[in-house]
>>> print(open('structure-v6.csv').read())   # CSV, N, CA and C atoms
chain,number,residue,atom,x,y,z
A,1,MET,N,-13.7,18.0,2.8
A,1,MET,CA,-12.7,17.1,2.5
A,1,MET,C,-12.5,17.0,0.9
A,2,ASN,N,-11.3,16.9,0.5
A,2,ASN,CA,-11.0,16.7,-1.0
A,2,ASN,C,-11.5,15.3,-1.4
A,3,ASP,N,-11.6,15.2,-2.7
A,3,ASP,CA,-12.1,13.9,-3.3
A,3,ASP,C,-11.0,12.8,-3.3
A,4,TYR,N,-9.7,13.3,-3.2
A,4,TYR,CA,-8.6,12.3,-3.3
A,4,TYR,C,-7.4,12.9,-2.6
A,5,PHE,N,-6.4,12.0,-2.3
A,5,PHE,CA,-5.1,12.3,-1.7
A,5,PHE,C,-4.1,11.5,-2.4
A,6,GLU,N,-3.0,12.1,-2.8
A,6,GLU,CA,-1.8,11.4,-3.4
A,6,GLU,C,-0.6,11.7,-2.6
A,7,MET,N,0.3,10.7,-2.5
A,7,MET,CA,1.5,10.8,-1.8
A,7,MET,C,2.6,9.9,-2.4
A,8,PRO,N,3.8,10.5,-2.6
A,8,PRO,CA,4.9,9.6,-3.1
A,8,PRO,C,5.5,8.8,-1.9
A,9,PHE,N,6.0,7.7,-2.1
A,9,PHE,CA,6.6,6.9,-1.0
A,9,PHE,C,7.6,5.9,-1.6
A,10,SER,N,8.4,5.4,-0.8
A,10,SER,CA,9.4,4.3,-1.1
A,10,SER,C,9.7,3.6,0.1
A,11,PHE,N,10.2,2.3,0.0
A,11,PHE,CA,10.8,1.6,1.1
A,11,PHE,C,12.2,1.1,0.8
A,12,THR,N,13.0,1.1,1.7
A,12,THR,CA,14.4,0.6,1.6
A,12,THR,C,14.5,-0.9,1.7
A,13,GLN,N,15.6,-1.5,1.3
A,13,GLN,CA,15.7,-2.9,1.5
A,13,GLN,C,15.8,-3.2,3.0
A,14,LYS,N,16.4,-2.3,3.8
A,14,LYS,CA,16.4,-2.5,5.3
A,14,LYS,C,15.0,-2.5,5.8
A,15,GLN,N,14.1,-1.7,5.3
A,15,GLN,CA,12.7,-1.7,5.8
A,15,GLN,C,12.0,-3.0,5.4
A,16,VAL,N,12.4,-3.6,4.2
A,16,VAL,CA,11.8,-4.9,3.8
A,16,VAL,C,12.3,-5.9,4.8
A,17,GLU,N,13.6,-5.9,5.2
A,17,GLU,CA,14.1,-6.8,6.1
A,17,GLU,C,13.4,-6.7,7.5
A,18,LEU,N,13.2,-5.5,7.9
A,18,LEU,CA,12.5,-5.3,9.2
A,18,LEU,C,11.0,-5.8,9.1
A,19,PHE,N,10.4,-5.6,8.0
A,19,PHE,CA,9.0,-6.1,7.8
A,19,PHE,C,9.0,-7.6,7.9
A,20,ALA,N,10.0,-8.3,7.3
A,20,ALA,CA,10.1,-9.7,7.3
A,20,ALA,C,10.3,-10.2,8.8
A,21,LYS,N,11.1,-9.4,9.6
A,21,LYS,CA,11.3,-9.8,11.0
A,21,LYS,C,10.0,-9.6,11.8
A,22,VAL,N,9.3,-8.5,11.5
A,22,VAL,CA,8.0,-8.3,12.3
A,22,VAL,C,7.0,-9.3,11.9
A,23,THR,N,6.8,-9.7,10.7
A,23,THR,CA,5.8,-10.6,10.2
A,23,THR,C,6.2,-12.0,10.3
A,24,GLY,N,7.5,-12.3,10.3
A,24,GLY,CA,8.0,-13.7,10.2
A,24,GLY,C,7.9,-14.2,8.8
A,25,ASP,N,7.7,-13.4,7.8
A,25,ASP,CA,7.7,-13.8,6.4
A,25,ASP,C,9.1,-13.6,5.8
A,26,TYR,N,9.9,-14.7,5.8
A,26,TYR,CA,11.3,-14.7,5.4
A,26,TYR,C,11.4,-15.3,4.0
A,27,ASN,N,10.3,-15.2,3.2
A,27,ASN,CA,10.4,-15.7,1.8
A,27,ASN,C,11.6,-15.2,1.1
A,28,PRO,N,12.5,-16.0,0.5
A,28,PRO,CA,13.7,-15.5,-0.1
A,28,PRO,C,13.5,-14.6,-1.3
A,29,ILE,N,12.3,-14.6,-1.9
A,29,ILE,CA,12.0,-13.7,-3.0
A,29,ILE,C,12.1,-12.3,-2.6
A,30,HIS,N,12.0,-12.0,-1.2
A,30,HIS,CA,12.2,-10.7,-0.7
A,30,HIS,C,13.6,-10.3,-0.2
A,31,LEU,N,14.4,-11.4,0.1
A,31,LEU,CA,15.6,-11.2,0.9
A,31,LEU,C,16.9,-11.7,0.3
A,32,ASP,N,16.8,-12.6,-0.7
A,32,ASP,CA,18.0,-13.3,-1.2
A,32,ASP,C,18.2,-13.0,-2.6
A,33,ASP,N,19.3,-12.3,-2.9
A,33,ASP,CA,19.5,-11.9,-4.3
A,33,ASP,C,19.6,-13.1,-5.3
A,34,GLU,N,20.4,-14.1,-4.9
A,34,GLU,CA,20.6,-15.2,-5.7
A,34,GLU,C,19.3,-16.0,-6.0
A,35,TYR,N,18.5,-16.2,-5.0
A,35,TYR,CA,17.2,-16.9,-5.1
A,35,TYR,C,16.3,-16.0,-6.1
A,36,ALA,N,16.2,-14.7,-5.8
A,36,ALA,CA,15.3,-13.9,-6.6
A,36,ALA,C,15.8,-13.8,-8.0
A,37,SER,N,17.1,-13.8,-8.3
A,37,SER,CA,17.6,-13.7,-9.7
A,37,SER,C,17.1,-14.9,-10.5
A,38,LYS,N,16.7,-16.0,-9.9
A,38,LYS,CA,16.2,-17.1,-10.6
A,38,LYS,C,14.6,-17.2,-10.7
A,39,SER,N,14.0,-16.2,-10.2
A,39,SER,CA,12.6,-16.1,-10.2
A,39,SER,C,12.1,-15.4,-11.4
A,40,ILE,N,10.8,-15.3,-11.6
A,40,ILE,CA,10.2,-14.6,-12.8
A,40,ILE,C,10.4,-13.1,-12.7
A,41,PHE,N,10.8,-12.6,-11.5
A,41,PHE,CA,11.0,-11.2,-11.4
A,41,PHE,C,12.4,-10.8,-11.6
A,42,LYS,N,13.4,-11.7,-11.5
A,42,LYS,CA,14.8,-11.5,-11.8
A,42,LYS,C,15.5,-10.7,-10.7
A,43,LYS,N,14.8,-10.2,-9.7
A,43,LYS,CA,15.4,-9.6,-8.5
A,43,LYS,C,14.4,-9.6,-7.4
A,44,LYS,N,14.9,-9.2,-6.2
A,44,LYS,CA,14.0,-9.2,-5.0
A,44,LYS,C,12.8,-8.2,-5.2
A,45,ILE,N,11.7,-8.7,-4.7
A,45,ILE,CA,10.5,-7.8,-4.7
A,45,ILE,C,10.1,-7.5,-3.2
A,46,MET,N,9.4,-6.5,-3.0
A,46,MET,CA,8.9,-6.2,-1.7
A,46,MET,C,7.7,-7.1,-1.4
A,47,HIS,N,7.5,-7.3,-0.1
A,47,HIS,CA,6.2,-7.9,0.4
A,47,HIS,C,5.1,-7.1,-0.1
A,48,GLY,N,4.0,-7.7,-0.6
A,48,GLY,CA,2.8,-7.0,-1.0
A,48,GLY,C,2.2,-6.2,0.1
A,49,PHE,N,2.1,-6.8,1.3
A,49,PHE,CA,1.5,-6.1,2.4
A,49,PHE,C,2.4,-4.9,2.9
A,50,LEU,N,3.7,-5.0,2.7
A,50,LEU,CA,4.5,-3.8,3.0
A,50,LEU,C,4.1,-2.7,2.1
A,51,SER,N,4.1,-3.0,0.8
A,51,SER,CA,3.7,-1.9,-0.2
A,51,SER,C,2.4,-1.3,0.1
A,52,ALA,N,1.4,-2.2,0.5
A,52,ALA,CA,0.0,-1.7,0.8
A,52,ALA,C,-0.1,-1.0,2.1
A,53,SER,N,0.9,-1.1,3.0
A,53,SER,CA,0.9,-0.5,4.3
A,53,SER,C,0.8,1.0,4.2
A,54,VAL,N,1.2,1.6,3.1
A,54,VAL,CA,1.2,3.0,2.9
A,54,VAL,C,-0.3,3.5,3.1
A,55,PHE,N,-1.3,2.7,2.8
A,55,PHE,CA,-2.6,3.2,2.9
A,55,PHE,C,-3.0,3.4,4.4
A,56,SER,N,-2.4,2.6,5.3
A,56,SER,CA,-2.7,2.8,6.7
A,56,SER,C,-2.2,4.1,7.1
A,57,LYS,N,-1.0,4.5,6.6
A,57,LYS,CA,-0.4,5.8,7.0
A,57,LYS,C,-1.3,6.9,6.4
A,58,ILE,N,-1.7,6.8,5.2
A,58,ILE,CA,-2.5,7.8,4.5
A,58,ILE,C,-3.9,8.0,5.3
A,59,ILE,N,-4.6,6.9,5.5
A,59,ILE,CA,-5.9,6.9,6.1
A,59,ILE,C,-5.8,7.4,7.5
A,60,GLY,N,-4.8,6.9,8.3
A,60,GLY,CA,-4.7,7.3,9.7
A,60,GLY,C,-4.1,8.6,10.0
A,61,MET,N,-3.3,9.2,9.0
A,61,MET,CA,-2.6,10.4,9.3
A,61,MET,C,-3.0,11.6,8.4
A,62,HIS,N,-3.5,11.3,7.2
A,62,HIS,CA,-3.7,12.4,6.2
A,62,HIS,C,-5.1,12.5,5.6
A,63,PHE,N,-5.7,11.3,5.3
A,63,PHE,CA,-6.9,11.4,4.5
A,63,PHE,C,-7.9,10.2,4.9
A,64,PRO,N,-8.8,10.4,5.8
A,64,PRO,CA,-9.2,11.6,6.4
A,64,PRO,C,-8.4,12.0,7.6
A,65,GLY,N,-7.6,11.1,8.2
A,65,GLY,CA,-6.7,11.5,9.3
A,65,GLY,C,-7.1,10.9,10.6
A,66,ASN,N,-6.6,11.6,11.7
A,66,ASN,CA,-6.9,11.1,13.1
A,66,ASN,C,-8.3,10.7,13.3
A,67,GLY,N,-8.6,9.6,13.9
A,67,GLY,CA,-9.9,9.1,14.1
A,67,GLY,C,-10.4,8.1,13.1
A,68,ALA,N,-9.7,8.0,12.0
A,68,ALA,CA,-10.2,7.0,11.0
A,68,ALA,C,-9.8,5.6,11.4
A,69,VAL,N,-10.7,4.7,11.2
A,69,VAL,CA,-10.5,3.3,11.5
A,69,VAL,C,-10.8,2.4,10.3
A,70,TYR,N,-9.9,1.5,10.0
A,70,TYR,CA,-10.1,0.6,8.9
A,70,TYR,C,-11.3,-0.4,9.3
A,71,LEU,N,-12.2,-0.7,8.3
A,71,LEU,CA,-13.2,-1.7,8.5
A,71,LEU,C,-12.9,-2.9,7.5
A,72,SER,N,-12.4,-2.5,6.3
A,72,SER,CA,-12.0,-3.6,5.4
A,72,SER,C,-11.1,-3.0,4.3
A,73,GLN,N,-10.3,-3.9,3.6
A,73,GLN,CA,-9.5,-3.5,2.5
A,73,GLN,C,-9.3,-4.7,1.6
A,74,THR,N,-9.6,-4.4,0.3
A,74,THR,CA,-9.3,-5.4,-0.7
A,74,THR,C,-8.1,-5.0,-1.5
A,75,MET,N,-7.3,-5.9,-2.0
A,75,MET,CA,-6.1,-5.6,-2.7
A,75,MET,C,-5.9,-6.5,-3.9
A,76,ASN,N,-5.5,-6.0,-5.0
A,76,ASN,CA,-5.0,-6.7,-6.2
A,76,ASN,C,-3.6,-6.3,-6.5
A,77,PHE,N,-2.7,-7.3,-6.4
A,77,PHE,CA,-1.3,-7.0,-6.7
A,77,PHE,C,-1.0,-7.3,-8.1
A,78,LEU,N,-0.9,-6.2,-8.9
A,78,LEU,CA,-0.9,-6.3,-10.4
A,78,LEU,C,0.5,-6.4,-11.0
A,79,GLN,N,1.5,-5.8,-10.3
A,79,GLN,CA,2.9,-5.8,-10.7
A,79,GLN,C,3.8,-5.8,-9.5
A,80,PRO,N,5.0,-6.4,-9.7
A,80,PRO,CA,5.9,-6.4,-8.6
A,80,PRO,C,6.4,-5.0,-8.2
A,81,MET,N,6.8,-4.8,-7.0
A,81,MET,CA,7.3,-3.6,-6.5
A,81,MET,C,8.7,-3.8,-5.9
A,82,TYR,N,9.6,-2.9,-6.0
A,82,TYR,CA,11.0,-3.1,-5.6
A,82,TYR,C,11.4,-2.0,-4.6
A,83,ALA,N,12.2,-2.4,-3.6
A,83,ALA,CA,12.8,-1.5,-2.7
A,83,ALA,C,13.7,-0.5,-3.4
A,84,GLY,N,13.6,0.7,-2.9
A,84,GLY,CA,14.4,1.8,-3.4
A,84,GLY,C,13.8,2.6,-4.6
A,85,MET,N,12.7,2.1,-5.1
A,85,MET,CA,12.0,2.8,-6.1
A,85,MET,C,10.9,3.7,-5.5
A,86,VAL,N,10.6,4.8,-6.2
A,86,VAL,CA,9.6,5.8,-5.7
A,86,VAL,C,8.3,5.4,-6.4
A,87,TYR,N,7.3,5.3,-5.6
A,87,TYR,CA,5.9,5.0,-6.1
A,87,TYR,C,5.0,6.2,-5.6
A,88,LYS,N,3.8,6.2,-6.2
A,88,LYS,CA,2.8,7.2,-5.8
A,88,LYS,C,1.5,6.4,-5.3
A,89,ALA,N,1.1,6.7,-4.1
A,89,ALA,CA,-0.2,6.1,-3.6
A,89,ALA,C,-1.3,7.2,-3.8
A,90,LYS,N,-2.4,6.7,-4.2
A,90,LYS,CA,-3.6,7.5,-4.3
A,90,LYS,C,-4.8,6.9,-3.7
A,91,VAL,N,-5.5,7.7,-2.9
A,91,VAL,CA,-6.7,7.3,-2.2
A,91,VAL,C,-7.8,8.2,-2.7
A,92,LYS,N,-8.9,7.7,-3.2
A,92,LYS,CA,-10.0,8.5,-3.8
A,92,LYS,C,-11.3,8.0,-3.2
A,93,VAL,N,-12.1,9.0,-2.8
A,93,VAL,CA,-13.4,8.7,-2.3
A,93,VAL,C,-14.3,8.1,-3.4
A,94,ALA,N,-14.8,6.9,-3.1
A,94,ALA,CA,-15.8,6.3,-4.1
A,94,ALA,C,-17.2,6.5,-3.6
A,95,GLU,N,-17.4,6.5,-2.3
A,95,GLU,CA,-18.7,6.5,-1.7
A,95,GLU,C,-18.6,7.1,-0.3
A,96,CYS,N,-19.6,7.9,0.1
A,96,CYS,CA,-19.7,8.5,1.4
A,96,CYS,C,-21.1,8.0,2.0
A,97,ILE,N,-21.0,7.3,3.1
A,97,ILE,CA,-22.2,6.8,3.8
A,97,ILE,C,-22.3,7.7,5.1
A,98,GLU,N,-22.9,8.8,4.9
A,98,GLU,CA,-23.0,9.9,6.0
A,98,GLU,C,-23.6,9.4,7.3
A,99,MET,N,-24.7,8.6,7.2
A,99,MET,CA,-25.4,8.2,8.4
A,99,MET,C,-24.6,7.4,9.3
A,100,LYS,N,-23.6,6.7,8.8
A,100,LYS,CA,-22.7,5.8,9.6
A,100,LYS,C,-21.3,6.4,9.7
A,101,ASN,N,-21.1,7.6,9.2
A,101,ASN,CA,-19.7,8.2,9.2
A,101,ASN,C,-18.7,7.2,8.5
A,102,ARG,N,-19.1,6.7,7.4
A,102,ARG,CA,-18.2,5.8,6.7
A,102,ARG,C,-17.9,6.3,5.3
A,103,PHE,N,-16.7,5.9,4.8
A,103,PHE,CA,-16.3,6.1,3.4
A,103,PHE,C,-15.8,4.8,2.8
A,104,VAL,N,-16.1,4.7,1.5
A,104,VAL,CA,-15.5,3.7,0.7
A,104,VAL,C,-14.5,4.4,-0.2
A,105,LEU,N,-13.3,3.9,-0.1
A,105,LEU,CA,-12.2,4.6,-0.8
A,105,LEU,C,-11.6,3.6,-1.8
A,106,GLU,N,-11.3,4.2,-3.0
A,106,GLU,CA,-10.5,3.4,-4.0
A,106,GLU,C,-9.0,3.7,-3.6
A,107,THR,N,-8.2,2.6,-3.7
A,107,THR,CA,-6.8,2.7,-3.3
A,107,THR,C,-5.9,2.2,-4.4
A,108,TYR,N,-4.9,3.0,-4.8
A,108,TYR,CA,-4.1,2.7,-5.9
A,108,TYR,C,-2.6,3.0,-5.5
A,109,VAL,N,-1.7,2.2,-6.1
A,109,VAL,CA,-0.3,2.5,-6.1
A,109,VAL,C,0.2,2.5,-7.6
A,110,TYR,N,0.9,3.6,-8.0
A,110,TYR,CA,1.4,3.7,-9.3
A,110,TYR,C,2.9,3.7,-9.3
A,111,ASN,N,3.5,3.1,-10.3
A,111,ASN,CA,5.0,3.1,-10.5
A,111,ASN,C,5.4,4.4,-11.2
A,112,SER,N,6.7,4.6,-11.5
A,112,SER,CA,7.2,5.8,-12.1
A,112,SER,C,6.7,6.0,-13.6
A,113,ASN,N,6.2,4.9,-14.2
A,113,ASN,CA,5.6,5.0,-15.5
A,113,ASN,C,4.1,5.2,-15.5
A,114,GLU,N,3.6,5.5,-14.3
A,114,GLU,CA,2.1,5.8,-14.1
A,114,GLU,C,1.3,4.5,-14.3
A,115,GLU,N,1.9,3.3,-14.2
A,115,GLU,CA,1.2,2.1,-14.3
A,115,GLU,C,0.7,1.7,-12.9
A,116,ILE,N,-0.5,1.1,-12.8
A,116,ILE,CA,-1.0,0.7,-11.5
A,116,ILE,C,-0.3,-0.6,-11.1
A,117,THR,N,0.3,-0.6,-9.9
A,117,THR,CA,0.9,-1.8,-9.4
A,117,THR,C,0.1,-2.5,-8.4
A,118,LEU,N,-0.8,-1.8,-7.8
A,118,LEU,CA,-1.7,-2.3,-6.7
A,118,LEU,C,-3.0,-1.5,-6.8
A,119,ASP,N,-4.1,-2.2,-6.7
A,119,ASP,CA,-5.4,-1.5,-6.5
A,119,ASP,C,-6.3,-2.2,-5.6
A,120,GLY,N,-7.3,-1.5,-5.1
A,120,GLY,CA,-8.3,-2.1,-4.2
A,120,GLY,C,-9.3,-1.1,-3.7
A,121,LYS,N,-10.0,-1.5,-2.7
A,121,LYS,CA,-11.0,-0.6,-2.0
A,121,LYS,C,-10.9,-0.8,-0.5
A,122,ALA,N,-11.1,0.3,0.2
A,122,ALA,CA,-11.1,0.3,1.6
A,122,ALA,C,-12.4,0.9,2.1
A,123,THR,N,-12.9,0.3,3.2
A,123,THR,CA,-14.0,0.9,3.9
A,123,THR,C,-13.5,1.4,5.2
A,124,ILE,N,-13.8,2.6,5.6
A,124,ILE,CA,-13.3,3.2,6.8
A,124,ILE,C,-14.4,3.9,7.6
A,125,GLN,N,-14.3,3.9,8.9
A,125,GLN,CA,-15.1,4.6,9.8
A,125,GLN,C,-14.4,5.9,10.2
A,126,TYR,N,-15.2,7.0,10.2
A,126,TYR,CA,-14.5,8.2,10.6
A,126,TYR,C,-15.5,9.1,11.3
A,127,LYS,N,-15.0,9.7,12.4
A,127,LYS,CA,-15.8,10.7,13.2
A,127,LYS,C,-14.9,11.9,13.3
A,128,GLU,N,-15.4,13.1,13.0
A,128,GLU,CA,-14.7,14.3,13.2
A,128,GLU,C,-14.8,14.8,14.6
>>> encode(input="structure-v6.csv", output="C-alpha cells")
Amino acid sequence: MNDYFEMPFSFTQKQVELFAKVTGDYNPIHLDDEYASKSIFKKKIMHGFLSASVFSKIIGMHFPGNGAVYLSQTMNFLQPMYAGMVYKAKVKVAECIEMKNRFVLETYVYNSNEEITLDGKATIQYKE
C-alpha cells in the first residue's frame, strides 16, 4: 500500500441541500443567501460534515478500500468551504498496527491555495 492517497472533489449547492434534508440540519448559513451574506463568511458555507464525508469515500473505496471500517475520526474545521469549489482530500498513513489490522490515518482537505481547510485523524480496521 502507498503511504498516502489524494483526490480532488467538490460538492454542488444541490448536494448541500440534499445533505441538509438527510441530516435535518437546515441551518440558514448553508442554505439562505441573504442570511449568509450577513454572517462572518459573507456567503453560504458547506456543512462541515458534508465536506468531511469525502474521507468515507476514500477509505471505503480507494485507500485502503473495500473491507475498511471506521473506528474513529477527529476533525478540526480550520476554514470555511463553499459549494462549487474544487478541493483536494489527502489521507496519509501515520501508524500501522499490524497485529490488529488497523491504521491511523492523517486526514486533510486543501483549498485551491493549498491551505488546509480541515484536518484530523482516523483510525480504521482493515482486513485484506
>>> residues_around(input="structure-v6.csv", residues="Lys43 in chain A", least_positions_apart="4", cutoff="8 Å", atoms="all atoms listed in the file", output="PyMOL selection string")
chain A and resi 28-39+82
>>> closest_residue(input="structure-v6.csv", among="A:Gln15, A:Ser53, A:Gln125, A:Asn66", to="Tyr108 in chain A", atoms="only C-alpha atoms")
A:Ser53
>>> residues_around(input="structure-v6.csv", residues="Pro80 in chain A", least_positions_apart="3", cutoff="12 Å", atoms="only C-alpha atoms", output="PDB file with N, CA and C atoms, in the coordinates of the input")
ATOM      1  N   ILE A  29      12.300 -14.600  -1.900  1.00  0.00           N
ATOM      2  CA  ILE A  29      12.000 -13.700  -3.000  1.00  0.00           C
ATOM      3  C   ILE A  29      12.100 -12.300  -2.600  1.00  0.00           C
ATOM      4  N   HIS A  30      12.000 -12.000  -1.200  1.00  0.00           N
ATOM      5  CA  HIS A  30      12.200 -10.700  -0.700  1.00  0.00           C
ATOM      6  C   HIS A  30      13.600 -10.300  -0.200  1.00  0.00           C
ATOM      7  N   SER A  39      14.000 -16.200 -10.200  1.00  0.00           N
ATOM      8  CA  SER A  39      12.600 -16.100 -10.200  1.00  0.00           C
ATOM      9  C   SER A  39      12.100 -15.400 -11.400  1.00  0.00           C
ATOM     10  N   ILE A  40      10.800 -15.300 -11.600  1.00  0.00           N
ATOM     11  CA  ILE A  40      10.200 -14.600 -12.800  1.00  0.00           C
ATOM     12  C   ILE A  40      10.400 -13.100 -12.700  1.00  0.00           C
ATOM     13  N   PHE A  41      10.800 -12.600 -11.500  1.00  0.00           N
ATOM     14  CA  PHE A  41      11.000 -11.200 -11.400  1.00  0.00           C
ATOM     15  C   PHE A  41      12.400 -10.800 -11.600  1.00  0.00           C
ATOM     16  N   LYS A  42      13.400 -11.700 -11.500  1.00  0.00           N
ATOM     17  CA  LYS A  42      14.800 -11.500 -11.800  1.00  0.00           C
ATOM     18  C   LYS A  42      15.500 -10.700 -10.700  1.00  0.00           C
ATOM     19  N   LYS A  43      14.800 -10.200  -9.700  1.00  0.00           N
ATOM     20  CA  LYS A  43      15.400  -9.600  -8.500  1.00  0.00           C
ATOM     21  C   LYS A  43      14.400  -9.600  -7.400  1.00  0.00           C
ATOM     22  N   LYS A  44      14.900  -9.200  -6.200  1.00  0.00           N
ATOM     23  CA  LYS A  44      14.000  -9.200  -5.000  1.00  0.00           C
ATOM     24  C   LYS A  44      12.800  -8.200  -5.200  1.00  0.00           C
ATOM     25  N   ILE A  45      11.700  -8.700  -4.700  1.00  0.00           N
ATOM     26  CA  ILE A  45      10.500  -7.800  -4.700  1.00  0.00           C
ATOM     27  C   ILE A  45      10.100  -7.500  -3.200  1.00  0.00           C
ATOM     28  N   MET A  46       9.400  -6.500  -3.000  1.00  0.00           N
ATOM     29  CA  MET A  46       8.900  -6.200  -1.700  1.00  0.00           C
ATOM     30  C   MET A  46       7.700  -7.100  -1.400  1.00  0.00           C
ATOM     31  N   HIS A  47       7.500  -7.300  -0.100  1.00  0.00           N
ATOM     32  CA  HIS A  47       6.200  -7.900   0.400  1.00  0.00           C
ATOM     33  C   HIS A  47       5.100  -7.100  -0.100  1.00  0.00           C
ATOM     34  N   GLY A  48       4.000  -7.700  -0.600  1.00  0.00           N
ATOM     35  CA  GLY A  48       2.800  -7.000  -1.000  1.00  0.00           C
ATOM     36  C   GLY A  48       2.200  -6.200   0.100  1.00  0.00           C
ATOM     37  N   PHE A  49       2.100  -6.800   1.300  1.00  0.00           N
ATOM     38  CA  PHE A  49       1.500  -6.100   2.400  1.00  0.00           C
ATOM     39  C   PHE A  49       2.400  -4.900   2.900  1.00  0.00           C
ATOM     40  N   LEU A  50       3.700  -5.000   2.700  1.00  0.00           N
ATOM     41  CA  LEU A  50       4.500  -3.800   3.000  1.00  0.00           C
ATOM     42  C   LEU A  50       4.100  -2.700   2.100  1.00  0.00           C
ATOM     43  N   SER A  51       4.100  -3.000   0.800  1.00  0.00           N
ATOM     44  CA  SER A  51       3.700  -1.900  -0.200  1.00  0.00           C
ATOM     45  C   SER A  51       2.400  -1.300   0.100  1.00  0.00           C
ATOM     46  N   ASN A  76      -5.500  -6.000  -5.000  1.00  0.00           N
ATOM     47  CA  ASN A  76      -5.000  -6.700  -6.200  1.00  0.00           C
ATOM     48  C   ASN A  76      -3.600  -6.300  -6.500  1.00  0.00           C
ATOM     49  N   PHE A  77      -2.700  -7.300  -6.400  1.00  0.00           N
ATOM     50  CA  PHE A  77      -1.300  -7.000  -6.700  1.00  0.00           C
ATOM     51  C   PHE A  77      -1.000  -7.300  -8.100  1.00  0.00           C
ATOM     52  N   ALA A  83      12.200  -2.400  -3.600  1.00  0.00           N
ATOM     53  CA  ALA A  83      12.800  -1.500  -2.700  1.00  0.00           C
ATOM     54  C   ALA A  83      13.700  -0.500  -3.400  1.00  0.00           C
ATOM     55  N   MET A  85      12.700   2.100  -5.100  1.00  0.00           N
ATOM     56  CA  MET A  85      12.000   2.800  -6.100  1.00  0.00           C
ATOM     57  C   MET A  85      10.900   3.700  -5.500  1.00  0.00           C
ATOM     58  N   TYR A  87       7.300   5.300  -5.600  1.00  0.00           N
ATOM     59  CA  TYR A  87       5.900   5.000  -6.100  1.00  0.00           C
ATOM     60  C   TYR A  87       5.000   6.200  -5.600  1.00  0.00           C
ATOM     61  N   VAL A 109      -1.700   2.200  -6.100  1.00  0.00           N
ATOM     62  CA  VAL A 109      -0.300   2.500  -6.100  1.00  0.00           C
ATOM     63  C   VAL A 109       0.200   2.500  -7.600  1.00  0.00           C
ATOM     64  N   TYR A 110       0.900   3.600  -8.000  1.00  0.00           N
ATOM     65  CA  TYR A 110       1.400   3.700  -9.300  1.00  0.00           C
ATOM     66  C   TYR A 110       2.900   3.700  -9.300  1.00  0.00           C
ATOM     67  N   ASN A 111       3.500   3.100 -10.300  1.00  0.00           N
ATOM     68  CA  ASN A 111       5.000   3.100 -10.500  1.00  0.00           C
ATOM     69  C   ASN A 111       5.400   4.400 -11.200  1.00  0.00           C
ATOM     70  N   GLU A 115       1.900   3.300 -14.200  1.00  0.00           N
ATOM     71  CA  GLU A 115       1.200   2.100 -14.300  1.00  0.00           C
ATOM     72  C   GLU A 115       0.700   1.700 -12.900  1.00  0.00           C
ATOM     73  N   ILE A 116      -0.500   1.100 -12.800  1.00  0.00           N
ATOM     74  CA  ILE A 116      -1.000   0.700 -11.500  1.00  0.00           C
ATOM     75  C   ILE A 116      -0.300  -0.600 -11.100  1.00  0.00           C
ATOM     76  N   THR A 117       0.300  -0.600  -9.900  1.00  0.00           N
ATOM     77  CA  THR A 117       0.900  -1.800  -9.400  1.00  0.00           C
ATOM     78  C   THR A 117       0.100  -2.500  -8.400  1.00  0.00           C
ATOM     79  N   LEU A 118      -0.800  -1.800  -7.800  1.00  0.00           N
ATOM     80  CA  LEU A 118      -1.700  -2.300  -6.700  1.00  0.00           C
ATOM     81  C   LEU A 118      -3.000  -1.500  -6.800  1.00  0.00           C
TER      82      LEU A 118
END
>>> residues_around(input="structure-v6.csv", residues="range 98-103 of chain A", least_positions_apart="3", cutoff="6 Å", atoms="all atoms listed in the file", output="MDAnalysis selection string")
chainID A and resid 95 122:127
>>> write_last_selection(input="structure-v6.csv", atoms="N, CA and C atoms", output="short mmCIF file (atom, residue, chain, number, x, y, z; two decimals), in the coordinates of the input")
data_model
loop_
_atom_site.label_atom_id
_atom_site.label_comp_id
_atom_site.auth_asym_id
_atom_site.auth_seq_id
_atom_site.Cartn_x
_atom_site.Cartn_y
_atom_site.Cartn_z
N GLU A 95 -17.40 6.50 -2.30
CA GLU A 95 -18.70 6.50 -1.70
C GLU A 95 -18.60 7.10 -0.30
N ALA A 122 -11.10 0.30 0.20
CA ALA A 122 -11.10 0.30 1.60
C ALA A 122 -12.40 0.90 2.10
N THR A 123 -12.90 0.30 3.20
CA THR A 123 -14.00 0.90 3.90
C THR A 123 -13.50 1.40 5.20
N ILE A 124 -13.80 2.60 5.60
CA ILE A 124 -13.30 3.20 6.80
C ILE A 124 -14.40 3.90 7.60
N GLN A 125 -14.30 3.90 8.90
CA GLN A 125 -15.10 4.60 9.80
C GLN A 125 -14.40 5.90 10.20
N TYR A 126 -15.20 7.00 10.20
CA TYR A 126 -14.50 8.20 10.60
C TYR A 126 -15.50 9.10 11.30
N LYS A 127 -15.00 9.70 12.40
CA LYS A 127 -15.80 10.70 13.20
C LYS A 127 -14.90 11.90 13.30
#
>>> closest_residue(input="structure-v6.csv", among="A:Val54, A:His62, A:Lys90, A:Glu114", to="Met7 in chain A", atoms="only N, CA and C atoms")
A:Lys90
>>> closest_residue(input="structure-v6.csv", among="A:Lys57, A:Met81, A:Tyr4, A:Thr107", to="Lys121 in chain A", atoms="all atoms listed in the file")
A:Thr107
>>> select_by_dssp(input="structure-v6.csv", residues="range 16-81 of chain A", states="strand (DSSP E)", output="number ranges by chain")
A: 69-77
>>> atom_distance(input="structure-v6.csv", atom1="CA of Thr74 in chain A", atom2="CA of Gly120 in chain A")
4.9 Å
>>> atom_distance(input="structure-v6.csv", atom1="CA of Leu71 in chain A", atom2="CA of Phe5 in chain A")
19.1 Å
>>> atom_distance(input="structure-v6.csv", atom1="atom C of Val69 in chain A", atom2="atom C of Thr12 in chain A")
26.9 Å
